[in-house]
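File shown: work_31.tsv (TSV, C-alpha atoms).
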chain	number	residue	atom	x	y	z
Y	1	MET	CA	-16.16	46.57	-37.98
Y	2	ARG	CA	-15.53	49.66	-35.81
Y	3	GLN	CA	-19.27	49.87	-35.15
Y	4	ILE	CA	-19.30	46.25	-33.96
Y	5	LEU	CA	-16.36	46.86	-31.64
Y	6	ALA	CA	-17.94	50.01	-30.22
Y	7	ALA	CA	-21.12	48.15	-29.36
Y	8	PHE	CA	-19.13	45.77	-27.15
Y	9	SER	CA	-16.68	48.20	-25.60
Y	10	HIS	CA	-17.98	47.46	-22.09
Y	11	ILE	CA	-18.03	43.84	-20.91
Y	12	LEU	CA	-20.58	43.02	-18.22
Y	13	PRO	CA	-19.35	42.31	-14.68
Y	14	SER	CA	-18.67	38.68	-13.88
Y	15	HIS	CA	-21.76	38.21	-11.68
Y	16	LEU	CA	-23.95	39.15	-14.67
Y	17	LEU	CA	-22.04	36.97	-17.11
Y	18	ARG	CA	-22.72	33.73	-15.31
Y	19	GLY	CA	-26.50	33.38	-15.24
Y	20	GLY	CA	-28.18	30.05	-15.77
Y	21	ILE	CA	-25.21	27.76	-15.15
Y	22	LEU	CA	-25.78	24.14	-14.12
Y	23	ALA	CA	-23.65	22.17	-11.68
Y	24	ALA	CA	-20.47	20.51	-12.90
Y	25	SER	CA	-21.75	17.08	-11.88
Y	26	LEU	CA	-24.28	16.97	-14.73
Y	27	ALA	CA	-23.31	14.59	-17.52
Y	28	LEU	CA	-24.20	15.06	-21.17
Y	29	PRO	CA	-26.58	12.24	-22.25
Y	30	VAL	CA	-25.96	12.43	-25.97
Y	31	ALA	CA	-24.94	9.14	-27.49
Y	32	ALA	CA	-27.80	6.66	-27.07
Y	33	PRO	CA	-30.83	8.90	-27.75
Y	34	LEU	CA	-29.20	10.50	-30.78
Y	35	ALA	CA	-28.07	7.27	-32.36
Y	36	ALA	CA	-31.50	5.66	-32.23
Y	37	GLN	CA	-33.48	8.63	-33.49
Y	38	ASP	CA	-31.05	9.90	-36.12
Y	39	SER	CA	-30.83	6.58	-37.94
Y	40	MET	CA	-34.55	6.83	-38.69
Y	41	ALA	CA	-34.77	10.59	-39.26
Y	42	ASN	CA	-31.79	11.08	-41.57
Y	43	PRO	CA	-29.62	8.21	-42.86
Y	44	HIS	CA	-26.86	10.64	-43.92
Y	45	PRO	CA	-27.03	13.44	-41.34
Y	46	PRO	CA	-24.67	16.42	-41.48
Y	47	LEU	CA	-21.80	16.90	-39.06
Y	48	VAL	CA	-23.11	19.25	-36.36
Y	49	VAL	CA	-20.68	21.98	-35.29
Y	50	VAL	CA	-20.82	23.12	-31.65
Y	51	GLU	CA	-18.76	26.19	-30.82
Y	52	LEU	CA	-18.06	26.93	-27.16
Y	53	PHE	CA	-16.84	30.37	-26.15
Y	54	THR	CA	-15.01	29.79	-22.89
Y	55	SER	CA	-12.14	30.99	-20.71
Y	56	GLN	CA	-9.76	29.54	-18.14
Y	57	GLY	CA	-10.58	32.59	-16.01
Y	58	CYS	CA	-14.35	32.02	-15.88
Y	59	SER	CA	-15.54	30.02	-12.86
Y	60	SER	CA	-18.77	29.00	-14.63
Y	61	CYS	CA	-16.99	27.53	-17.66
Y	62	PRO	CA	-15.61	24.16	-16.42
Y	63	PRO	CA	-19.03	22.40	-16.65
Y	64	ALA	CA	-19.31	23.51	-20.29
Y	65	ASP	CA	-15.71	22.45	-20.93
Y	66	GLU	CA	-16.63	18.99	-19.61
Y	67	MET	CA	-19.55	18.88	-22.04
Y	68	MET	CA	-17.15	19.50	-24.91
Y	69	THR	CA	-15.00	16.60	-23.74
Y	70	GLU	CA	-18.09	14.38	-23.85
Y	71	LEU	CA	-18.86	15.55	-27.39
Y	72	ALA	CA	-15.26	15.14	-28.58
Y	73	GLY	CA	-15.71	11.38	-28.58
Y	74	ARG	CA	-18.56	11.48	-31.09
Y	75	ASP	CA	-18.20	11.08	-34.86
Y	76	ASP	CA	-21.35	13.05	-35.68
Y	77	VAL	CA	-20.52	16.25	-33.77
Y	78	LEU	CA	-17.59	18.62	-34.21
Y	79	PRO	CA	-17.09	20.44	-30.87
Y	80	LEU	CA	-14.75	23.43	-31.02
Y	81	SER	CA	-13.58	25.37	-27.96
Y	82	LEU	CA	-12.80	29.03	-28.68
Y	83	HIS	CA	-11.09	30.73	-25.74
Y	84	VAL	CA	-11.84	34.44	-25.42
Y	85	ASP	CA	-9.52	37.03	-23.89
Y	86	TYR	CA	-11.87	39.33	-21.95
Y	87	TRP	CA	-11.48	37.37	-18.70
Y	88	ASP	CA	-7.71	37.79	-18.59
Y	89	TYR	CA	-7.90	40.97	-16.47
Y	90	ILE	CA	-9.20	39.05	-13.43
Y	91	GLY	CA	-5.77	37.64	-12.61
Y	92	TRP	CA	-5.21	34.62	-14.85
Y	93	ARG	CA	-4.19	34.89	-18.48
Y	94	ASP	CA	-5.75	32.19	-20.65
Y	95	ASN	CA	-2.89	30.92	-22.81
Y	96	PHE	CA	-5.40	29.54	-25.37
Y	97	ALA	CA	-7.27	32.84	-25.76
Y	98	LYS	CA	-7.08	34.93	-28.93
Y	99	PRO	CA	-8.73	38.29	-29.62
Y	100	GLU	CA	-10.07	37.02	-32.95
Y	101	PHE	CA	-12.19	34.46	-31.07
Y	102	THR	CA	-13.68	37.27	-29.00
Y	103	LEU	CA	-14.44	39.10	-32.25
Y	104	ARG	CA	-16.14	35.99	-33.64
Y	105	GLN	CA	-18.38	35.79	-30.57
Y	106	LYS	CA	-19.22	39.47	-30.90
Y	107	ALA	CA	-20.04	38.99	-34.57
Y	108	TYR	CA	-22.47	36.19	-33.69
Y	109	ALA	CA	-24.15	38.47	-31.15
Y	110	HIS	CA	-24.34	41.32	-33.65
Y	111	ALA	CA	-25.94	39.01	-36.22
Y	112	VAL	CA	-28.93	38.42	-33.90
Y	113	GLY	CA	-29.15	41.97	-32.58
Y	114	LYS	CA	-27.55	41.36	-29.16
Y	115	ARG	CA	-25.21	43.82	-27.45
Y	116	THR	CA	-23.82	41.56	-24.72
Y	117	ILE	CA	-21.71	38.42	-24.75
Y	118	TYR	CA	-21.32	35.73	-22.11
Y	119	THR	CA	-19.21	32.78	-21.08
Y	120	PRO	CA	-19.85	29.99	-21.37
Y	121	GLN	CA	-21.83	30.38	-24.58
Y	122	LEU	CA	-22.46	27.71	-27.19
Y	123	ILE	CA	-23.41	28.24	-30.83
Y	124	VAL	CA	-24.87	25.16	-32.51
Y	125	GLN	CA	-24.43	24.91	-36.29
Y	126	GLY	CA	-23.92	28.69	-36.45
Y	127	ALA	CA	-27.61	29.22	-35.77
Y	128	ASP	CA	-28.74	28.50	-32.19
Y	129	HIS	CA	-27.33	30.35	-29.20
Y	130	LEU	CA	-27.15	28.75	-25.75
Y	131	VAL	CA	-25.81	30.51	-22.66
Y	132	GLY	CA	-24.61	28.34	-19.80
Y	133	ALA	CA	-23.90	24.63	-19.39
Y	134	LYS	CA	-27.34	23.21	-20.16
Y	135	PRO	CA	-26.76	19.64	-21.36
Y	136	MET	CA	-30.37	18.67	-22.07
Y	137	ARG	CA	-30.97	21.82	-24.09
Y	138	LEU	CA	-27.74	21.19	-26.00
Y	139	VAL	CA	-28.83	17.63	-26.76
Y	140	ASP	CA	-32.13	18.94	-28.08
Y	141	LEU	CA	-30.39	21.42	-30.40
Y	142	ILE	CA	-27.97	18.81	-31.71
Y	143	MET	CA	-30.83	16.39	-32.41
Y	144	ARG	CA	-32.77	19.10	-34.19
Y	145	HIS	CA	-29.88	19.88	-36.53
Y	146	ARG	CA	-29.08	16.21	-37.06
Y	147	SER	CA	-32.64	15.63	-38.29
Y	148	LYS	CA	-32.56	18.44	-40.84
Y	149	PRO	CA	-31.85	17.67	-44.51
Y	150	ALA	CA	-28.28	18.32	-45.54
Y	151	ALA	CA	-27.59	21.59	-47.34
Y	152	PRO	CA	-27.47	21.32	-51.17
Y	153	VAL	CA	-23.70	21.31	-51.35
Y	154	SER	CA	-21.01	18.65	-51.57
Y	155	LEU	CA	-17.93	19.47	-49.49
Y	156	SER	CA	-15.01	17.10	-50.04
Y	157	VAL	CA	-11.66	17.26	-48.29
Y	158	SER	CA	-8.44	15.30	-48.78
Y	159	VAL	CA	-4.91	15.59	-47.42
Y	160	LYS	CA	-1.81	14.56	-49.36
Y	161	ASN	CA	1.80	15.41	-48.52
Y	162	ASP	CA	0.66	17.85	-45.83
Y	163	GLN	CA	-1.48	19.75	-48.33
Y	164	LEU	CA	-5.21	20.16	-47.80
Y	165	HIS	CA	-7.40	20.02	-50.90
Y	166	ILE	CA	-11.00	21.23	-50.69
Y	167	VAL	CA	-13.74	21.10	-53.30
Y	168	ALA	CA	-17.20	22.59	-52.76
Y	169	THR	CA	-19.83	21.72	-55.37
Y	170	PRO	CA	-23.37	23.14	-55.41
Y	171	THR	CA	-26.17	20.59	-55.73
Y	172	GLY	CA	-29.07	23.01	-55.36
Y	173	ALA	CA	-30.01	26.55	-54.34
Y	174	LEU	CA	-27.58	28.04	-51.83
Y	175	PRO	CA	-27.30	31.38	-49.97
Y	176	PRO	CA	-25.93	34.24	-52.09
Y	177	LEU	CA	-22.74	34.48	-50.05
Y	178	MET	CA	-20.86	31.78	-48.16
Y	179	ARG	CA	-17.48	31.65	-46.47
Y	180	LEU	CA	-15.14	28.67	-46.67
Y	181	GLN	CA	-13.00	28.38	-43.54
Y	182	VAL	CA	-10.33	26.08	-42.13
Y	183	VAL	CA	-10.14	25.44	-38.39
Y	184	ARG	CA	-7.08	24.03	-36.61
Y	185	PHE	CA	-7.48	22.60	-33.13
Y	186	ASP	CA	-5.57	20.86	-30.36
Y	187	PRO	CA	-7.48	17.71	-29.27
Y	188	HIS	CA	-6.70	17.82	-25.56
Y	189	GLU	CA	-4.84	19.77	-22.91
Y	190	ARG	CA	-4.86	19.79	-19.10
Y	191	VAL	CA	-4.25	23.11	-17.33
Y	192	VAL	CA	-3.47	23.70	-13.66
Y	193	ILE	CA	-4.88	27.15	-12.86
Y	194	THR	CA	-3.24	28.95	-9.94
Y	195	ARG	CA	-4.87	32.38	-9.97
Y	196	GLY	CA	-8.16	34.05	-10.82
Y	197	GLU	CA	-11.68	32.67	-10.36
Y	198	ASN	CA	-10.57	29.07	-11.05
Y	199	ALA	CA	-7.50	29.16	-8.78
Y	200	GLY	CA	-6.61	25.68	-7.55
Y	201	ARG	CA	-8.53	23.87	-10.30
Y	202	ASP	CA	-7.11	21.31	-12.69
Y	203	VAL	CA	-9.19	21.61	-15.87
Y	204	GLU	CA	-9.24	19.48	-19.02
Y	205	TYR	CA	-9.94	21.17	-22.35
Y	206	SER	CA	-10.89	19.46	-25.62
Y	207	ASN	CA	-10.67	20.53	-29.26
Y	208	ILE	CA	-9.05	23.84	-28.42
Y	209	VAL	CA	-9.14	26.06	-31.50
Y	210	THR	CA	-5.72	27.40	-32.39
Y	211	GLU	CA	-6.64	29.01	-35.71
Y	212	TRP	CA	-9.85	29.93	-37.53
Y	213	ARG	CA	-8.92	31.10	-41.00
Y	214	PRO	CA	-11.22	32.30	-43.82
Y	215	LEU	CA	-10.14	30.79	-47.13
Y	216	ALA	CA	-12.57	32.14	-49.72
Y	217	ASP	CA	-15.96	33.79	-50.16
Y	218	TRP	CA	-18.21	31.86	-52.54
Y	219	ASN	CA	-21.54	32.52	-54.25
Y	220	GLY	CA	-22.25	28.89	-55.12
Y	221	ALA	CA	-22.63	29.54	-58.84
Y	222	ALA	CA	-19.82	27.14	-59.79
Y	223	PRO	CA	-17.62	24.61	-57.98
Y	224	LEU	CA	-14.91	26.03	-55.74
Y	225	ALA	CA	-11.49	24.40	-55.31
Y	226	VAL	CA	-8.96	25.53	-52.70
Y	227	SER	CA	-5.63	24.05	-51.62
Y	228	LEU	CA	-3.35	25.04	-48.75
Y	229	ASP	CA	-0.43	23.71	-46.75
Y	230	LEU	CA	-1.10	22.19	-43.34
Y	231	GLU	CA	1.74	22.97	-40.96
Y	232	GLY	CA	2.11	21.64	-37.45
Y	233	PRO	CA	0.46	18.80	-35.54
Y	234	ASP	CA	-2.94	20.39	-34.90
Y	235	ARG	CA	-5.98	18.69	-36.36
Y	236	ALA	CA	-8.02	20.39	-39.07
Y	237	ALA	CA	-11.60	20.77	-40.18
Y	238	VAL	CA	-13.26	22.66	-43.02
Y	239	ILE	CA	-16.45	24.65	-42.49
Y	240	LEU	CA	-18.75	26.25	-45.07
Y	241	GLN	CA	-20.92	28.94	-43.50
Y	242	ALA	CA	-23.47	31.41	-44.76
Y	243	ALA	CA	-22.21	35.00	-44.54
Y	244	GLY	CA	-24.05	38.27	-44.55
Y	245	PRO	CA	-23.73	41.95	-43.69
Y	246	GLN	CA	-24.85	41.36	-40.09
Y	247	GLY	CA	-22.37	38.58	-39.34
Y	248	PRO	CA	-21.91	34.81	-39.60
Y	249	GLY	CA	-24.97	32.74	-40.47
Y	250	PRO	CA	-25.85	29.03	-40.35
Y	251	ILE	CA	-23.16	26.45	-40.99
Y	252	LEU	CA	-24.05	24.59	-44.18
Y	253	ALA	CA	-21.40	21.85	-44.17
Y	254	ALA	CA	-18.42	20.73	-42.13
Y	255	VAL	CA	-15.83	18.01	-42.71
Y	256	ARG	CA	-12.92	16.79	-40.60
Y	257	ALA	CA	-9.61	16.61	-42.42
Y	258	GLU	CA	-7.76	13.39	-41.64
Y	259	THR	CA	-4.02	14.08	-41.51
Y	260	ASP	CA	-1.00	11.86	-41.03
Y	261	HIS	CA	0.10	13.69	-37.84
Starting from the file, give its structure as structure tokens.
Amino acid sequence: MRQILAAFSHILPSHLLRGGILAASLALPVAAPLAAQDSMANPHPPLVVVELFTSQGCSSCPPADEMMTELAGRDDVLPLSLHVDYWDYIGWRDNFAKPEFTLRQKAYAHAVGKRTIYTPQLIVQGADHLVGAKPMRLVDLIMRHRSKPAAPVSLSVSVKNDQLHIVATPTGALPPLMRLQVVRFDPHERVVITRGENAGRDVEYSNIVTEWRPLADWNGAAPLAVSLDLEGPDRAAVILQAAGPQGPGPILAAVRAETDH
């Protein structure tokens, strides 16, 4: 872990972090093309996880934040906004940012041999990296993962009396090491930003991650059952992801947890 942190000890200046950003007026044309093609390609497609690494202090991030709001209305995509803390020095502290989200972004970069990180950056299904708000490219990646066969694992989730019950059952050959994780997120917040690069902007954020907690490492040799208490009003999802010595790998399965809150 110290080696990973050392490799990212210097964050690039802001003018280098914002390459390839599209205008905020671009909309994300996801729903109609995906619905028509996916019904033919895969009758039971997996839930596609889209992670956005963003910051209230990054002037290039609002277009990507808007894309996440578009995705939040879909049942077949799980968009998750992880706010990083390395923009806080510019003059506006992101109250959603957590250092562990910065570490997750660095781990993704380390897994593919990269030494720099950017905002906004999107990771689709733990596998494809996209820098900047590029809606058409994002649509293409989502469609590609929607058309893939589901991983050979059954991931079931239920909530009873504020307790989350998870069962993962192998149905075929799986990676040698996987990590079961629970994610808590706030569906929507509006922030008036008064300082920093986004001073004067009123920005809406969707599916803001408040906690990303590893629950268990699993080799897939036998079913895995985990239970935990769900405290607070935040929504929850469960993610099973391949894990390796270089960092997080592809996401194999994801399920939303329906709570009574």
Residue nearest Pro176 of chain Y among Y:Ser147, Y:Asn95, Y:Ser158, Y:Asn219 (counting all atoms listed in the file): Y:Asn219
Out of Y:Tyr108, Y:Lys148, Y:Val238, Y:Thr169, which residue has the shortest atom-to-atom distance to His129 of chain Y when counting all atoms listed in the file? Y:Tyr108
Considering only C-alpha atoms, can you say which of Y:Ala237, Y:Ala216, Y:Leu52, Y:Ala97 comes closest to Met178 of chain Y?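 Smallest separation from Met178 of chain Y among the options: Y:Ala216.
From atom CA of Ala253 of chain Y back to atom CA of Ser55 of chain Y, the distance works out to 26.8 Å.
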With all atoms listed in the file as the basis for distance, which of Y:Pro223, Y:Leu164, Y:Gly232, Y:Leu240 is at the shortest distance from Leu177 of chain Y?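 With all atoms listed in the file as the atom set, the closest residue is Y:Leu240.
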Shell of 7 Å around Asp202 of chain Y, all atoms listed in the file, local chain residues under 5 positions omitted, as a ChimeraX atom specification: /Y:190-193
Atomic separation - atom CA of Pro120 of chain Y relative to atom CA of Glu204 of chain Y, Å: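 Atom CA of Pro120 of chain Y lies at a distance of 15.1 Å from atom CA of Glu204 of chain Y.
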Counting all atoms listed in the file, which of Y:His145, Y:Arg74, Y:His83, Y:Arg256 gets nearest to Pro99 of chain Y?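 Distance minimum relative to Pro99 of chain Y lands on Y:His83.
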Taking all atoms listed in the file into account, name the residue in Y:Pro170, Y:Gly249, Y:Gly73, Y:Gly244 that is nearest to Ala225 of chain Y. Y:Pro170
For Met68 of chain Y: contacts at 8 Å, all atoms listed in the file, fewer than 4 positions along chain excluded, given as a list in words: Leu52, Ala64, Ala72, Pro79, Leu80, Ser81, Tyr205, Ser206 and Asn207 of chain Y
Compute the distance from (-6.7, 25.2, -24.9) to each atom, counting all atoms listed in the file, keep the residues with any atom at most 7 Å away, and return them as a VMD selection string; use the coordinates of the file. chain Y and resid 96 189 205 208
I need segment 109-188 of chain Y written out with C-alpha atoms, as a PDB file, in the first residue's frame; please produce it.
ATOM      1  CA  ALA Y 109      -4.916   3.316 -11.876  1.00  0.00           C
ATOM      2  CA  HIS Y 110      -2.280   1.059 -10.344  1.00  0.00           C
ATOM      3  CA  ALA Y 111      -4.123  -2.022 -11.617  1.00  0.00           C
ATOM      4  CA  VAL Y 112      -3.661  -0.874 -15.235  1.00  0.00           C
ATOM      5  CA  GLY Y 113      -0.142   0.496 -14.800  1.00  0.00           C
ATOM      6  CA  LYS Y 114      -1.034   4.209 -14.698  1.00  0.00           C
ATOM      7  CA  ARG Y 115       0.686   6.741 -12.439  1.00  0.00           C
ATOM      8  CA  THR Y 116      -1.744   9.641 -12.794  1.00  0.00           C
ATOM      9  CA  ILE Y 117      -5.382  10.149 -11.849  1.00  0.00           C
ATOM     10  CA  TYR Y 118      -7.916  12.618 -13.202  1.00  0.00           C
ATOM     11  CA  THR Y 119     -11.311  14.128 -12.561  1.00  0.00           C
ATOM     12  CA  PRO Y 120     -13.784  13.486 -13.887  1.00  0.00           C
ATOM     13  CA  GLN Y 121     -12.979   9.822 -14.457  1.00  0.00           C
ATOM     14  CA  LEU Y 122     -15.466   7.011 -14.954  1.00  0.00           C
ATOM     15  CA  ILE Y 123     -14.857   3.296 -14.428  1.00  0.00           C
ATOM     16  CA  VAL Y 124     -17.427   1.062 -16.107  1.00  0.00           C
ATOM     17  CA  GLN Y 125     -18.000  -2.364 -14.522  1.00  0.00           C
ATOM     18  CA  GLY Y 126     -14.568  -2.140 -12.874  1.00  0.00           C
ATOM     19  CA  ALA Y 127     -12.903  -2.701 -16.230  1.00  0.00           C
ATOM     20  CA  ASP Y 128     -13.060   0.249 -18.654  1.00  0.00           C
ATOM     21  CA  HIS Y 129     -11.572   3.640 -17.834  1.00  0.00           C
ATOM     22  CA  LEU Y 130     -12.971   6.857 -19.310  1.00  0.00           C
ATOM     23  CA  VAL Y 131     -11.542  10.313 -18.608  1.00  0.00           C
ATOM     24  CA  GLY Y 132     -13.824  13.285 -19.154  1.00  0.00           C
ATOM     25  CA  ALA Y 133     -17.545  13.705 -19.785  1.00  0.00           C
ATOM     26  CA  LYS Y 134     -17.894  11.752 -23.028  1.00  0.00           C
ATOM     27  CA  PRO Y 135     -21.529  10.619 -23.196  1.00  0.00           C
ATOM     28  CA  MET Y 136     -21.392   8.691 -26.472  1.00  0.00           C
ATOM     29  CA  ARG Y 137     -18.314   6.768 -25.378  1.00  0.00           C
ATOM     30  CA  LEU Y 138     -19.992   6.012 -22.049  1.00  0.00           C
ATOM     31  CA  VAL Y 139     -23.093   4.734 -23.848  1.00  0.00           C
ATOM     32  CA  ASP Y 140     -20.910   2.460 -25.955  1.00  0.00           C
ATOM     33  CA  LEU Y 141     -19.197   0.995 -22.871  1.00  0.00           C
ATOM     34  CA  ILE Y 142     -22.492   0.426 -21.065  1.00  0.00           C
ATOM     35  CA  MET Y 143     -23.957  -1.316 -24.117  1.00  0.00           C
ATOM     36  CA  ARG Y 144     -20.877  -3.493 -24.436  1.00  0.00           C
ATOM     37  CA  HIS Y 145     -21.136  -4.692 -20.838  1.00  0.00           C
ATOM     38  CA  ARG Y 146     -24.906  -5.123 -21.059  1.00  0.00           C
ATOM     39  CA  SER Y 147     -24.438  -7.500 -24.002  1.00  0.00           C
ATOM     40  CA  LYS Y 148     -21.919  -9.719 -22.227  1.00  0.00           C
ATOM     41  CA  PRO Y 149     -23.059 -12.979 -20.603  1.00  0.00           C
ATOM     42  CA  ALA Y 150     -23.576 -12.715 -16.872  1.00  0.00           C
ATOM     43  CA  ALA Y 151     -20.769 -14.006 -14.661  1.00  0.00           C
ATOM     44  CA  PRO Y 152     -21.268 -17.580 -13.362  1.00  0.00           C
ATOM     45  CA  VAL Y 153     -22.426 -16.488  -9.934  1.00  0.00           C
ATOM     46  CA  SER Y 154     -25.795 -15.954  -8.268  1.00  0.00           C
ATOM     47  CA  LEU Y 155     -25.839 -12.922  -5.968  1.00  0.00           C
ATOM     48  CA  SER Y 156     -29.014 -12.598  -3.901  1.00  0.00           C
ATOM     49  CA  VAL Y 157     -29.789  -9.816  -1.445  1.00  0.00           C
ATOM     50  CA  SER Y 158     -32.653  -9.318   1.001  1.00  0.00           C
ATOM     51  CA  VAL Y 159     -33.378  -6.840   3.781  1.00  0.00           C
ATOM     52  CA  LYS Y 160     -35.408  -7.691   6.878  1.00  0.00           C
ATOM     53  CA  ASN Y 161     -35.655  -5.649  10.075  1.00  0.00           C
ATOM     54  CA  ASP Y 162     -32.845  -3.363   8.903  1.00  0.00           C
ATOM     55  CA  GLN Y 163     -30.517  -6.325   8.411  1.00  0.00           C
ATOM     56  CA  LEU Y 164     -28.964  -7.046   5.023  1.00  0.00           C
ATOM     57  CA  HIS Y 165     -28.596 -10.700   4.066  1.00  0.00           C
ATOM     58  CA  ILE Y 166     -26.336 -11.642   1.149  1.00  0.00           C
ATOM     59  CA  VAL Y 167     -25.765 -15.022  -0.462  1.00  0.00           C
ATOM     60  CA  ALA Y 168     -23.259 -15.583  -3.275  1.00  0.00           C
ATOM     61  CA  THR Y 169     -23.431 -18.965  -5.015  1.00  0.00           C
ATOM     62  CA  PRO Y 170     -21.000 -20.105  -7.728  1.00  0.00           C
ATOM     63  CA  THR Y 171     -22.590 -21.483 -10.900  1.00  0.00           C
ATOM     64  CA  GLY Y 172     -19.384 -21.969 -12.874  1.00  0.00           C
ATOM     65  CA  ALA Y 173     -15.678 -21.122 -12.977  1.00  0.00           C
ATOM     66  CA  LEU Y 174     -14.870 -17.866 -11.196  1.00  0.00           C
ATOM     67  CA  PRO Y 175     -11.688 -15.837 -10.557  1.00  0.00           C
ATOM     68  CA  PRO Y 176      -9.490 -17.225  -7.755  1.00  0.00           C
ATOM     69  CA  LEU Y 177     -10.128 -14.224  -5.511  1.00  0.00           C
ATOM     70  CA  MET Y 178     -13.171 -11.965  -5.295  1.00  0.00           C
ATOM     71  CA  ARG Y 179     -14.230  -9.259  -2.873  1.00  0.00           C
ATOM     72  CA  LEU Y 180     -17.790  -8.827  -1.627  1.00  0.00           C
ATOM     73  CA  GLN Y 181     -18.550  -5.184  -0.850  1.00  0.00           C
ATOM     74  CA  VAL Y 182     -21.475  -3.098   0.361  1.00  0.00           C
ATOM     75  CA  VAL Y 183     -21.957   0.452  -0.910  1.00  0.00           C
ATOM     76  CA  ARG Y 184     -24.136   3.073   0.796  1.00  0.00           C
ATOM     77  CA  PHE Y 185     -25.188   6.133  -1.159  1.00  0.00           C
ATOM     78  CA  ASP Y 186     -27.285   9.281  -0.911  1.00  0.00           C
ATOM     79  CA  PRO Y 187     -29.643   9.491  -3.937  1.00  0.00           C
ATOM     80  CA  HIS Y 188     -29.578  13.254  -4.438  1.00  0.00           C
TER      81      HIS Y 188
END
